[in-house]
file data_8.txt (compact mmCIF, C-alpha atoms and all ligand atoms)
# COMPACT_ATOMS: atom_id res chain seq x y z
CA MET O 97 0.00 0.00 0.00
CA ASN O 98 1.29 3.46 -0.82
CA CYS O 99 2.33 5.64 2.05
CA ILE O 100 0.34 8.84 1.76
CA GLN O 101 -0.78 11.44 4.25
CA GLY O 102 -2.54 9.75 7.14
CA CYS O 103 -0.50 6.59 6.92
CA PHE O 104 0.53 4.97 10.20
CA GLY O 105 3.28 2.52 9.35
CA HIS O 106 1.64 0.16 6.96
CA LYS O 107 -1.80 1.22 7.92
CA LEU O 108 -3.93 3.95 6.52
CA LYS O 109 -6.43 5.74 8.63
CA ILE O 110 -9.10 7.72 6.84
CA PHE O 111 -10.88 10.39 8.81
CA ASN O 112 -14.14 12.19 8.70
CA LYS O 113 -14.96 11.79 5.06
CA LEU O 114 -17.62 9.23 5.09
CA VAL O 115 -20.80 10.80 6.24
CA MET O 116 -23.78 8.68 5.47
CA THR O 117 -26.59 10.93 4.48
CA GLY O 118 -30.08 10.39 3.30
CA ILE O 119 -30.62 7.12 5.09
CA ALA O 120 -31.82 6.27 8.54
CA GLN O 121 -32.89 9.80 9.29
CA SER O 122 -36.01 8.41 10.81
CA GLU O 123 -38.55 10.78 12.31
CA HIS O 124 -39.90 7.92 14.38
CA SER O 125 -36.94 7.02 16.54
CA GLU O 126 -38.99 6.35 19.65
CA TYR O 127 -41.12 3.90 17.76
CA ASP O 128 -38.05 2.40 16.08
CA TYR O 129 -36.30 1.86 19.38
CA TYR O 130 -38.99 -0.39 20.84
CA HIS O 131 -39.85 -1.81 17.47
CA GLY O 132 -36.16 -2.74 17.07
CA LEU O 133 -36.13 -4.60 20.37
CA PHE O 134 -39.35 -6.31 19.47
CA ARG O 135 -37.96 -7.41 16.11
CA ILE O 136 -34.87 -8.93 17.74
CA LEU O 137 -36.95 -10.73 20.36
CA ARG O 138 -39.12 -12.15 17.63
CA ILE O 139 -36.08 -13.36 15.70
CA ILE O 140 -34.54 -14.93 18.80
CA LEU O 141 -37.79 -16.61 19.80
CA TYR O 142 -38.70 -17.74 16.30
CA PRO O 143 -35.45 -18.28 14.42
CA GLU O 144 -36.96 -19.92 11.30
CA ASN O 145 -35.96 -18.14 8.09
CA LEU O 146 -33.37 -16.21 10.08
CA ASP O 147 -31.53 -14.81 7.06
CA GLU O 148 -34.71 -13.59 5.47
CA LYS O 149 -35.81 -11.89 8.68
CA VAL O 150 -32.46 -10.21 9.27
CA SER O 151 -32.30 -9.01 5.68
CA LYS O 152 -35.54 -7.11 6.22
CA MET O 153 -34.23 -5.22 9.23
CA HIS O 154 -33.70 -1.49 8.89
CA GLU O 155 -30.33 -1.90 10.59
CA PHE O 156 -29.30 -4.54 8.07
CA SER O 157 -29.57 -2.06 5.20
CA ILE O 158 -27.52 0.41 7.28
CA ALA O 159 -24.86 -2.26 7.84
CA LEU O 160 -24.85 -3.05 4.12
CA SER O 161 -24.34 0.63 3.30
CA ILE O 162 -21.37 0.70 5.67
CA VAL O 163 -19.95 -2.42 4.02
CA GLU O 164 -20.34 -0.68 0.65
CA ILE O 165 -18.44 2.38 1.91
CA ALA O 166 -15.68 0.17 3.33
CA GLU O 167 -15.34 -1.92 0.16
CA LYS O 168 -15.02 1.26 -1.90
CA GLU O 169 -12.32 2.73 0.36
CA VAL O 170 -10.34 -0.52 0.48
CA LYS O 171 -10.40 -0.70 -3.32
CA LYS O 172 -9.54 2.97 -3.71
CA HIS O 173 -6.49 2.68 -1.47
CA ASN O 174 -5.43 -0.70 -2.76
CA ALA O 175 -5.63 -2.16 0.74
CA GLU O 176 -6.53 -5.66 1.76
CA ARG O 177 -9.18 -5.20 4.39
CA VAL O 178 -10.40 -3.02 7.24
CA GLU O 179 -8.64 -3.46 10.55
CA SER O 180 -10.90 -1.16 12.50
CA ILE O 181 -13.87 1.07 11.93
CA GLU O 182 -15.07 3.91 14.09
CA MET O 183 -18.60 5.21 13.80
CA GLU O 184 -20.71 7.91 15.36
CA ILE O 185 -24.37 7.16 15.74
CA GLY O 186 -26.82 9.60 17.19
CA LYS O 187 -29.29 8.36 19.77
CA LEU O 188 -32.06 10.04 17.79
CA SER O 189 -31.06 8.45 14.48
CA GLY O 190 -33.61 5.67 14.74
CA ILE O 191 -30.93 2.99 14.88
CA GLU O 192 -31.34 0.48 17.67
CA PRO O 193 -27.84 -0.53 18.90
CA MET O 194 -28.69 -4.15 19.62
CA ALA O 195 -30.41 -4.52 16.26
CA LEU O 196 -27.40 -3.00 14.50
CA GLU O 197 -25.05 -5.41 16.26
CA PHE O 198 -27.24 -8.32 15.28
CA ALA O 199 -27.53 -7.21 11.66
CA TRP O 200 -23.84 -6.33 11.48
CA ASP O 201 -22.71 -9.90 12.11
CA HIS O 202 -24.77 -11.04 9.14
CA ALA O 203 -23.89 -8.16 6.81
CA VAL O 204 -20.08 -8.35 7.11
CA VAL O 205 -19.62 -12.05 6.30
CA ASP O 206 -17.12 -12.47 3.43
CA THR O 207 -16.49 -8.73 3.18
CA VAL O 208 -13.52 -6.47 4.00
CA LEU O 209 -15.21 -5.74 7.33
CA GLU O 210 -15.53 -9.32 8.45
CA ASN O 211 -12.85 -9.22 11.18
CA ALA O 212 -12.73 -5.50 11.69
CA GLU O 213 -12.75 -4.08 15.18
CA ARG O 214 -15.81 -1.93 15.56
CA LYS O 215 -16.02 1.16 17.73
CA ILE O 216 -19.30 2.96 17.96
CA ASN O 217 -19.69 6.24 19.78
CA TYR O 218 -23.31 6.91 20.56
CA ILE O 219 -23.98 10.64 20.45
CA LYS O 220 -26.44 12.10 22.93
CA GLY O 221 -29.37 14.06 21.62
CA ARG O 222 -29.35 17.81 22.27
CA ALA O 223 -31.91 20.37 21.24
CA ILE O 224 -32.61 24.05 21.67
CA CYS O 225 -36.12 25.24 22.45
CA GLU O 226 -37.49 27.59 19.81
CA GLU O 227 -39.81 29.25 22.34
CA CYS O 228 -37.55 30.03 25.31
CA GLY O 229 -34.06 29.28 24.01
CA LYS O 230 -33.29 26.59 26.60
CA GLU O 231 -30.68 24.05 25.46
CA PHE O 232 -31.37 20.58 26.78
CA GLU O 233 -30.54 16.91 26.48
CA ILE O 234 -33.20 14.92 24.70
CA ASP O 235 -33.83 11.17 24.70
CA PHE O 236 -36.68 11.00 22.22
CA ILE O 237 -37.50 13.31 19.34
CA TYR O 238 -40.97 14.10 20.66
CA ASP O 239 -39.79 15.20 24.11
CA GLU O 240 -40.76 18.67 25.27
CA CYS O 241 -38.68 21.54 26.58
CA PRO O 242 -38.09 20.95 30.32
CA ASP O 243 -38.60 24.65 31.09
CA CYS O 244 -41.54 25.89 29.02
CA HIS O 245 -42.88 22.51 27.77
CA SER O 246 -42.89 23.58 24.15
CA TYR O 247 -42.45 20.93 21.47
CA GLN O 248 -40.89 23.40 19.05
CA LYS O 249 -37.18 22.74 19.00
CA GLU O 250 -34.14 22.57 16.82
CA PHE O 251 -31.94 19.50 17.06
CA LEU O 252 -28.28 20.22 17.74
CA SER O 253 -27.03 16.66 17.84
CA GLY O 254 -28.20 13.08 18.05
CA LYS O 255 -29.14 12.36 14.44
CA GLU O 256 -25.62 11.51 13.27
CA LEU O 257 -24.75 8.48 11.25
CA ILE O 258 -21.08 8.83 10.41
CA VAL O 259 -18.28 6.47 9.56
CA LYS O 260 -15.67 8.53 11.41
CA SER O 261 -12.61 6.56 10.46
CA LEU O 262 -11.47 3.38 8.81
CA THR O 263 -8.08 1.82 9.42
CA LEU O 264 -7.08 -0.16 6.37
CA ILE O 265 -4.39 -2.83 6.19
ZN ZN Z 301 -38.60 26.11 26.19

call {"tool": "encode", "arguments": {"input": "data_8.txt", "output": "structure tokens", "more": "lines below"}}
Ligand SMILES: [Zn+2]
result
Amino acid sequence: MNCIQGCFGHKLKIFNKLVMTGIAQSEHSEYDYYHGLFRILRIILYPENLDEKVSKMHEFSIALSIVEIAEKEVKKHNAERVESIEMEIGKLSGIEPMALEFAWDHAVVDTVLENAERKINYIKGRAICEECGKEFEIDFIYDECPDCHSYQKEFLSGKELIVKSLTLI
């Protein structure tokens, strides 16, 4: 592999380029959270047609998109595979962590991500009230302002879905 800027020994670390946009920006994260847990429970309790069930999961298509990004980067940099991947996922993004983990194991088989170490930083939701200006932490997108109880707010963080870095070998 060519040694270019960002190269650590024989490894190449790519930063902050790989923002996934346009997917998973669910406006129903509260619903998705419980729905995600429910879907996993159902799969665990009734494992028939496991592959088919997993392939229909929202998180599975997310994992596939990440695989696609990784395959592209590995090819572009003439590397062999991904050693580690670091992601940032907002808690308001509609992605259920356990569902993602479950889907991930299926999505990465026989890909450059198969044995990659995975680090996920879950980003807390923060919003600013459009009525009173209060900035507050928010767990669900429909939560109200803790001071004036308005539902009008602007999200400051928590909807991220970013592949922050990939270390290629
Ligand atoms: Zn307020």

call {"tool": "closest_residue", "arguments": {"input": "data_8.txt", "among": "O:Glu192, O:Glu231, O:Glu176, O:Glu164", "to": "ligand ZN 301 (chain Z)", "atoms": "all atoms listed in the file"}}
result
O:Glu231

call {"tool": "atom_distance", "arguments": {"input": "data_8.txt", "atom1": "CA of Ile219 in chain O", "atom2": "CA of Glu184 in chain O"}}
result
6.6 Å

call {"tool": "residues_near_ligand", "arguments": {"input": "data_8.txt", "ligand": "ligand ZN 301 (chain Z)", "cutoff": "7 Å", "atoms": "all atoms listed in the file", "output": "list in words"}}
result
Cys225, Glu226, Glu227, Cys228, Gly229, Lys230, Cys241, Pro242, Asp243, Cys244, His245 and Ser246 of chain O

call {"tool": "atom_distance", "arguments": {"input": "data_8.txt", "atom1": "CA of Asn174 in chain O", "atom2": "CA of Glu256 in chain O"}}
result
28.5 Å

call {"tool": "closest_residue", "arguments": {"input": "data_8.txt", "among": "O:Leu262, O:Glu250, O:Val163, O:Leu137", "to": "His202 in chain O", "atoms": "all atoms listed in the file"}}
result
O:Val163

call {"tool": "residues_near_point", "arguments": {"input": "data_8.txt", "point": "(-14.6, -1.8, 4.0)", "cutoff": "6 Å", "atoms": "all atoms listed in the file", "output": "number ranges by chain"}}
result
O: 163, 166-167, 170, 178, 208-209

call {"tool": "write_last_selection", "arguments": {"input": "data_8.txt", "atoms": "C-alpha atoms", "output": "mmCIF file, in the frame of the given file"}}
result
data_model
loop_
_atom_site.group_PDB
_atom_site.id
_atom_site.type_symbol
_atom_site.label_atom_id
_atom_site.label_comp_id
_atom_site.auth_asym_id
_atom_site.auth_seq_id
_atom_site.Cartn_x
_atom_site.Cartn_y
_atom_site.Cartn_z
ATOM 1 C CA VAL O 163 -19.950 -2.420 4.020
ATOM 2 C CA ALA O 166 -15.680 0.170 3.330
ATOM 3 C CA GLU O 167 -15.340 -1.920 0.160
ATOM 4 C CA VAL O 170 -10.340 -0.520 0.480
ATOM 5 C CA VAL O 178 -10.400 -3.020 7.240
ATOM 6 C CA VAL O 208 -13.520 -6.470 4.000
ATOM 7 C CA LEU O 209 -15.210 -5.740 7.330
#

call {"tool": "atom_distance", "arguments": {"input": "data_8.txt", "atom1": "CA of Ala199 in chain O", "atom2": "CA of Ala223 in chain O"}}
result
29.5 Å

call {"tool": "residues_near_point", "arguments": {"input": "data_8.txt", "point": "(-25.5, 1.4, 6.4)", "cutoff": "10 Å", "atoms": "only C-alpha atoms", "output": "number ranges by chain"}}
result
O: 116-117, 119-120, 154-165, 196, 200, 203, 257-259

call {"tool": "closest_residue", "arguments": {"input": "data_8.txt", "among": "O:Ser180, O:Thr263, O:Ser253, O:Ser151", "to": "Ile216 in chain O", "atoms": "all atoms listed in the file"}}
result
O:Ser180
